[in-house]
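K.L.:
Structure below; questions to follow.
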Amino acid sequence: MRLDRDYLVWRLKRPFRRARMKLRTLARIARYGRVPSGGWGEGWRVLVFRYRDGAREELHVLAPVKGDDFDWERLRIHVRGAPWPAYEHEAGKRTGVMAWAGHHTFVVAGDDPPQRLSMGKLVPGEFGGGVDRGLLLVAVREARL
C-alpha cells in the first residue's frame, strides 16, 4: 500500500470536495427551497431576483418557462416584437423586462444598464447574472396574467 504524502492528499481531496458540495447544496435548499421534480411547469412565471450588492431590493421579471429552463421559442417571439402579456405587479417591487441579443439573455430594469443572465438552469440560489450589479434568483412564482 502506498502511503506517501502526494497519494494521501490525492485520496482525500475528492471525498472532501464532494462533502463540501453536498453541504452547499443542502444549505441552498434550506434557504431557497427545492426545484419541483418536473421543473417550474410550462408558461409564464415571475422570476424574483435579489441584487448582490448589499441592497435588499428585489427585481421581478416576467419570463416564459418550460421545465427548469427558459422557453426559448416563446421568448424569441416576444423579443422580436410580439406584445408581452400584462401581469399584476407586486406593489413596491422593481420590475424588469427580459431581452435577448445574439446568444445572450439579459434583463433591463429602469435606469440600470442591461444585466446579462447565465445560461444555466433556473435553480434558486444558483442562477443569476449581472454585469454592473449582480443578480441572484431567489424564487420562481406563478404569474397572475
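Here's how to read the names in the C-alpha cells: chain A, B, ... by the order shown, residue numbers from 1 in each chain, ligand numbers from 1 in the order shown.
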Tell me, as a tab-separated table (two decimals) with all heavy atoms, in the first residue's frame, which residues lie within 10 Å of A:Lys121, counting only C-alpha atoms; anything in the same chain fewer than 3 positions away does not count.
P.N.:
chain	number	residue	atom	x	y	z
A	39	GLY	N	-39.76	20.53	-12.71
A	39	GLY	CA	-39.36	21.90	-13.03
A	39	GLY	C	-40.45	22.85	-12.61
A	39	GLY	O	-41.30	22.55	-11.76
A	67	GLY	N	-40.21	23.79	-17.90
A	67	GLY	CA	-39.42	22.94	-17.00
A	67	GLY	C	-38.56	23.79	-16.09
A	67	GLY	O	-39.05	24.66	-15.39
A	68	ASP	N	-37.25	23.55	-16.10
A	68	ASP	CA	-36.34	24.34	-15.28
A	68	ASP	C	-35.44	25.22	-16.15
A	68	ASP	O	-34.34	25.57	-15.77
A	68	ASP	CB	-35.50	23.45	-14.37
A	68	ASP	CG	-34.71	22.42	-15.13
A	68	ASP	OD1	-34.84	22.34	-16.36
A	68	ASP	OD2	-33.94	21.68	-14.49
A	69	ASP	N	-35.96	25.60	-17.32
A	69	ASP	CA	-35.21	26.43	-18.26
A	69	ASP	C	-36.17	27.43	-18.90
A	69	ASP	O	-37.38	27.35	-18.72
A	69	ASP	CB	-34.59	25.54	-19.34
A	69	ASP	CG	-33.38	26.15	-20.01
A	69	ASP	OD1	-33.02	27.29	-19.65
A	69	ASP	OD2	-32.81	25.50	-20.89
A	70	PHE	N	-35.64	28.38	-19.64
A	70	PHE	CA	-36.48	29.31	-20.38
A	70	PHE	C	-37.13	28.60	-21.56
A	70	PHE	O	-36.57	27.67	-22.11
A	70	PHE	CB	-35.65	30.49	-20.93
A	70	PHE	CG	-35.14	31.41	-19.86
A	70	PHE	CD1	-33.78	31.54	-19.66
A	70	PHE	CD2	-36.00	32.16	-19.09
A	70	PHE	CE1	-33.29	32.39	-18.69
A	70	PHE	CE2	-35.52	33.01	-18.12
A	70	PHE	CZ	-34.17	33.13	-17.91
A	118	SER	N	-27.12	34.20	-16.84
A	118	SER	CA	-26.40	32.98	-17.21
A	118	SER	C	-27.30	32.11	-18.06
A	118	SER	O	-28.50	32.34	-18.17
A	118	SER	CB	-25.95	32.24	-15.94
A	118	SER	OG	-27.07	31.70	-15.28
A	124	PRO	N	-33.05	28.37	-7.82
A	124	PRO	CA	-32.88	29.46	-6.86
A	124	PRO	C	-31.61	29.28	-6.02
A	124	PRO	O	-31.31	28.19	-5.57
A	124	PRO	CB	-34.13	29.36	-5.97
A	124	PRO	CG	-35.13	28.66	-6.82
A	124	PRO	CD	-34.35	27.71	-7.67
A	126	GLU	N	-28.62	29.56	-7.20
A	126	GLU	CA	-27.51	29.29	-8.11
A	126	GLU	C	-27.58	30.11	-9.39
A	126	GLU	O	-26.58	30.54	-9.90
A	126	GLU	CB	-27.46	27.80	-8.48
A	126	GLU	CG	-26.99	26.91	-7.38
A	126	GLU	CD	-26.89	25.46	-7.83
A	126	GLU	OE1	-27.08	25.17	-9.02
A	126	GLU	OE2	-26.64	24.61	-6.97
A	127	PHE	N	-28.79	30.30	-9.92
A	127	PHE	CA	-28.95	31.01	-11.19
A	127	PHE	C	-28.86	32.51	-10.93
A	127	PHE	O	-29.34	33.02	-9.93
A	127	PHE	CB	-30.31	30.68	-11.80
A	127	PHE	CG	-30.55	31.35	-13.12
A	127	PHE	CD1	-30.03	30.81	-14.28
A	127	PHE	CD2	-31.29	32.51	-13.20
A	127	PHE	CE1	-30.25	31.42	-15.51
A	127	PHE	CE2	-31.52	33.12	-14.42
A	127	PHE	CZ	-31.00	32.58	-15.57
A	128	GLY	N	-28.24	33.20	-11.85
A	128	GLY	CA	-28.14	34.65	-11.70
A	128	GLY	C	-27.41	35.25	-12.87
A	128	GLY	O	-27.42	34.74	-13.97
K.L.:
A:Gln115: which residues within 7 Å, counting only C-alpha atoms, same-chain residues fewer than 5 positions away excluded, as a list in words?
P.N.:
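Final neighbour list, sorted by chain and number: Phe106, Val107, Val108, Gly129, Gly130 and Val131 of chain A.
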K.L.:
Mind dumping the selected residues with N, CA and C atoms as a PDB file, in the first residue's frame?
P.N.:
ATOM      1  N   PHE A 106     -30.734  38.867 -21.248  1.00  0.00           N
ATOM      2  CA  PHE A 106     -30.430  39.861 -20.232  1.00  0.00           C
ATOM      3  C   PHE A 106     -31.707  40.509 -19.744  1.00  0.00           C
ATOM      4  N   VAL A 107     -31.571  41.266 -18.645  1.00  0.00           N
ATOM      5  CA  VAL A 107     -32.692  41.944 -18.007  1.00  0.00           C
ATOM      6  C   VAL A 107     -32.410  43.433 -18.025  1.00  0.00           C
ATOM      7  N   VAL A 108     -33.424  44.202 -18.399  1.00  0.00           N
ATOM      8  CA  VAL A 108     -33.326  45.659 -18.382  1.00  0.00           C
ATOM      9  C   VAL A 108     -34.311  46.149 -17.324  1.00  0.00           C
ATOM     10  N   GLY A 129     -26.753  36.338 -12.597  1.00  0.00           N
ATOM     11  CA  GLY A 129     -26.011  37.031 -13.631  1.00  0.00           C
ATOM     12  C   GLY A 129     -25.730  38.446 -13.200  1.00  0.00           C
ATOM     13  N   GLY A 130     -25.492  39.289 -14.183  1.00  0.00           N
ATOM     14  CA  GLY A 130     -25.231  40.690 -13.902  1.00  0.00           C
ATOM     15  C   GLY A 130     -23.869  41.093 -14.406  1.00  0.00           C
ATOM     16  N   VAL A 131     -23.772  42.339 -14.804  1.00  0.00           N
ATOM     17  CA  VAL A 131     -22.513  42.914 -15.257  1.00  0.00           C
ATOM     18  C   VAL A 131     -22.085  43.982 -14.266  1.00  0.00           C
TER      19      VAL A 131
END
K.L.:
Could the residues of stretch 11-46 of chain A that have an atom at most 7 Å from stretch 142-145 of chain A be listed as a tab-separated table, each with its closest atom pair and the distance in Å to one decimal, counting only C-alpha atoms and ordered by chain and ascending residue number?
P.N.:
residue	atom	partner	partner_atom	distance
A:Trp44	CA	A:Ala143	CA	5.9
A:Arg45	CA	A:Ala143	CA	4.8
A:Val46	CA	A:Ala143	CA	5.4
K.L.:
Could you pull out all residues of stretch 2-109 of chain A with a DSSP call of helix (DSSP H, G or I) and give them as a PyMOL selection string?
P.N.:
chain A and resi 5-32+72-79
K.L.:
Can I get the selected residues back with N, CA and C atoms, as a CSV table (one decimal), in the first residue's frame?
P.N.:
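The resulting file, result_13.csv, is reproduced below:
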chain,number,residue,atom,x,y,z
A,5,ARG,N,3.0,11.1,0.8
A,5,ARG,CA,2.2,12.3,1.1
A,5,ARG,C,1.3,12.7,-0.1
A,6,ASP,N,1.8,12.7,-1.3
A,6,ASP,CA,1.0,13.0,-2.5
A,6,ASP,C,-0.2,12.1,-2.7
A,7,TYR,N,0.1,10.8,-2.5
A,7,TYR,CA,-1.0,9.9,-2.7
A,7,TYR,C,-2.1,10.1,-1.7
A,8,LEU,N,-1.8,10.3,-0.4
A,8,LEU,CA,-2.8,10.6,0.6
A,8,LEU,C,-3.6,11.8,0.3
A,9,VAL,N,-2.9,12.9,-0.1
A,9,VAL,CA,-3.6,14.1,-0.4
A,9,VAL,C,-4.6,13.9,-1.6
A,10,TRP,N,-4.1,13.2,-2.6
A,10,TRP,CA,-5.0,12.9,-3.7
A,10,TRP,C,-6.2,12.1,-3.3
A,11,ARG,N,-6.0,11.1,-2.4
A,11,ARG,CA,-7.1,10.2,-2.0
A,11,ARG,C,-8.1,10.9,-1.1
A,12,LEU,N,-7.7,12.0,-0.4
A,12,LEU,CA,-8.6,12.7,0.5
A,12,LEU,C,-9.3,13.9,-0.2
A,13,LYS,N,-8.7,14.3,-1.3
A,13,LYS,CA,-9.3,15.5,-1.9
A,13,LYS,C,-10.7,15.3,-2.5
A,14,ARG,N,-10.9,14.2,-3.1
A,14,ARG,CA,-12.2,14.0,-3.8
A,14,ARG,C,-13.3,13.9,-2.7
A,15,PRO,N,-13.2,13.0,-1.7
A,15,PRO,CA,-14.3,13.0,-0.7
A,15,PRO,C,-14.5,14.3,0.0
A,16,PHE,N,-13.5,15.1,0.2
A,16,PHE,CA,-13.6,16.4,0.9
A,16,PHE,C,-14.4,17.3,0.0
A,17,ARG,N,-14.1,17.3,-1.3
A,17,ARG,CA,-14.8,18.2,-2.2
A,17,ARG,C,-16.3,17.8,-2.4
A,18,ARG,N,-16.5,16.5,-2.4
A,18,ARG,CA,-17.9,16.0,-2.6
A,18,ARG,C,-18.7,16.4,-1.3
A,19,ALA,N,-18.1,16.2,-0.1
A,19,ALA,CA,-18.8,16.6,1.1
A,19,ALA,C,-19.1,18.1,1.1
A,20,ARG,N,-18.1,18.9,0.7
A,20,ARG,CA,-18.3,20.3,0.7
A,20,ARG,C,-19.4,20.7,-0.3
A,21,MET,N,-19.5,20.1,-1.5
A,21,MET,CA,-20.5,20.4,-2.4
A,21,MET,C,-21.9,19.9,-1.9
A,22,LYS,N,-22.0,18.8,-1.2
A,22,LYS,CA,-23.2,18.4,-0.6
A,22,LYS,C,-23.7,19.3,0.5
A,23,LEU,N,-22.8,19.8,1.3
A,23,LEU,CA,-23.2,20.8,2.3
A,23,LEU,C,-23.7,22.1,1.7
A,24,ARG,N,-23.0,22.6,0.6
A,24,ARG,CA,-23.5,23.8,-0.1
A,24,ARG,C,-24.9,23.6,-0.7
A,25,THR,N,-25.1,22.4,-1.3
A,25,THR,CA,-26.5,22.1,-1.8
A,25,THR,C,-27.5,22.1,-0.7
A,26,LEU,N,-27.2,21.4,0.4
A,26,LEU,CA,-28.2,21.4,1.5
A,26,LEU,C,-28.5,22.8,2.0
A,27,ALA,N,-27.5,23.6,2.1
A,27,ALA,CA,-27.7,25.0,2.6
A,27,ALA,C,-28.5,25.8,1.6
A,28,ARG,N,-28.3,25.6,0.3
A,28,ARG,CA,-29.1,26.3,-0.7
A,28,ARG,C,-30.5,25.8,-0.6
A,29,ILE,N,-30.8,24.5,-0.5
A,29,ILE,CA,-32.1,24.0,-0.4
A,29,ILE,C,-32.8,24.5,0.9
A,30,ALA,N,-32.1,24.6,2.0
A,30,ALA,CA,-32.7,25.1,3.2
A,30,ALA,C,-33.1,26.6,3.1
A,31,ARG,N,-32.3,27.3,2.4
A,31,ARG,CA,-32.5,28.8,2.3
A,31,ARG,C,-33.6,29.1,1.2
A,32,TYR,N,-33.5,28.5,0.0
A,32,TYR,CA,-34.3,28.9,-1.1
A,32,TYR,C,-35.4,27.8,-1.5
A,72,TRP,N,-37.4,29.0,-25.0
A,72,TRP,CA,-36.7,29.8,-25.9
A,72,TRP,C,-37.6,30.2,-27.1
A,73,GLU,N,-38.5,29.3,-27.5
A,73,GLU,CA,-39.3,29.6,-28.7
A,73,GLU,C,-40.3,30.8,-28.4
A,74,ARG,N,-40.9,30.7,-27.2
A,74,ARG,CA,-41.8,31.8,-26.8
A,74,ARG,C,-41.1,33.1,-26.5
A,75,LEU,N,-39.9,33.0,-25.9
A,75,LEU,CA,-39.1,34.2,-25.7
A,75,LEU,C,-38.7,34.8,-27.0
A,76,ARG,N,-38.3,34.1,-28.0
A,76,ARG,CA,-37.9,34.6,-29.3
A,76,ARG,C,-39.0,35.4,-29.9
A,77,ILE,N,-40.2,34.9,-29.8
A,77,ILE,CA,-41.4,35.6,-30.4
A,77,ILE,C,-41.6,36.9,-29.8
A,78,HIS,N,-41.5,37.0,-28.5
A,78,HIS,CA,-41.8,38.3,-27.8
A,78,HIS,C,-40.7,39.2,-27.9
A,79,VAL,N,-39.4,38.8,-27.9
A,79,VAL,CA,-38.3,39.7,-28.0
A,79,VAL,C,-38.3,40.3,-29.4
K.L.:
So, with only C-alpha atoms as the atoms that count, which of A:Gly120, A:Gly125, A:Gly92, A:Pro114 lies closest to A:Glu57?
P.N.:
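Smallest separation from A:Glu57 among the options: A:Gly92.
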K.L.:
Work out how far apart atom CA of A:Leu62 and atom CA of A:Asp132 are and give it in Å to one decimal.
P.N.:
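So the answer is 21.0 Å.
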K.L.:
When you draw a straight line from atom CA of A:Thr95 to atom CA of A:Pro113, how long is it in Å?
P.N.:
13.8 Å
K.L.:
To test your reading of the structure, identify every residue in chain A that backbone DSSP assigns to strand (DSSP E), and report it as an MDAnalysis selection string.
P.N.:
chainID A and resid 42:51 58:66 69:70 94:101 104:108 115:116 128:129 135:142
K.L.:
Please, could you write that set of residues out with C-alpha atoms as a short mmCIF file (atom, residue, chain, number, x, y, z; two decimals), in the first residue's frame?
P.N.:
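As a result, out-v8.cif now contains:
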data_model
loop_
_atom_site.label_atom_id
_atom_site.label_comp_id
_atom_site.auth_asym_id
_atom_site.auth_seq_id
_atom_site.Cartn_x
_atom_site.Cartn_y
_atom_site.Cartn_z
CA GLU A 42 -44.73 25.49 -18.64
CA GLY A 43 -45.90 29.04 -19.25
CA TRP A 44 -45.30 32.47 -17.77
CA ARG A 45 -43.56 32.81 -14.41
CA VAL A 46 -42.24 35.75 -12.42
CA LEU A 47 -38.55 35.38 -11.66
CA VAL A 48 -37.65 37.09 -8.40
CA PHE A 49 -34.05 38.30 -8.29
CA ARG A 50 -32.18 39.92 -5.42
CA TYR A 51 -29.31 42.29 -6.03
CA GLU A 58 -35.91 42.72 -5.33
CA LEU A 59 -36.36 42.70 -9.08
CA HIS A 60 -39.36 40.91 -10.62
CA VAL A 61 -39.13 39.78 -14.24
CA LEU A 62 -41.83 38.09 -16.33
CA ALA A 63 -40.33 35.17 -18.26
CA PRO A 64 -41.57 32.20 -20.32
CA VAL A 65 -40.52 28.97 -18.62
CA LYS A 66 -40.50 25.36 -19.72
CA ASP A 69 -35.21 26.43 -18.26
CA PHE A 70 -36.48 29.31 -20.38
CA ARG A 94 -38.97 46.87 -9.01
CA THR A 95 -39.82 45.25 -12.34
CA GLY A 96 -37.61 44.43 -15.28
CA VAL A 97 -38.02 43.25 -18.85
CA MET A 98 -36.29 40.29 -20.47
CA ALA A 99 -34.37 40.78 -23.68
CA TRP A 100 -32.29 38.59 -25.94
CA ALA A 101 -29.46 39.55 -28.28
CA HIS A 104 -27.27 36.24 -24.54
CA THR A 105 -30.35 36.82 -22.44
CA PHE A 106 -30.43 39.86 -20.23
CA VAL A 107 -32.69 41.94 -18.01
CA VAL A 108 -33.33 45.66 -18.38
CA GLN A 115 -27.66 42.83 -16.86
CA ARG A 116 -26.69 39.59 -18.61
CA GLY A 128 -28.14 34.65 -11.70
CA GLY A 129 -26.01 37.03 -13.63
CA LEU A 135 -28.44 39.31 -9.67
CA LEU A 136 -29.35 36.13 -7.81
CA LEU A 137 -32.55 34.18 -8.43
CA VAL A 138 -34.35 33.69 -5.12
CA ALA A 139 -37.79 32.46 -6.24
CA VAL A 140 -39.91 31.50 -9.24
CA ARG A 141 -43.59 32.39 -8.83
CA GLU A 142 -46.74 31.84 -10.81
#
K.L.:
Work out how far apart atom CA of A:Pro36 and atom CA of A:Ala109 are and give it in Å to one decimal.
P.N.:
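Interatomic distance here is 28.0 Å.
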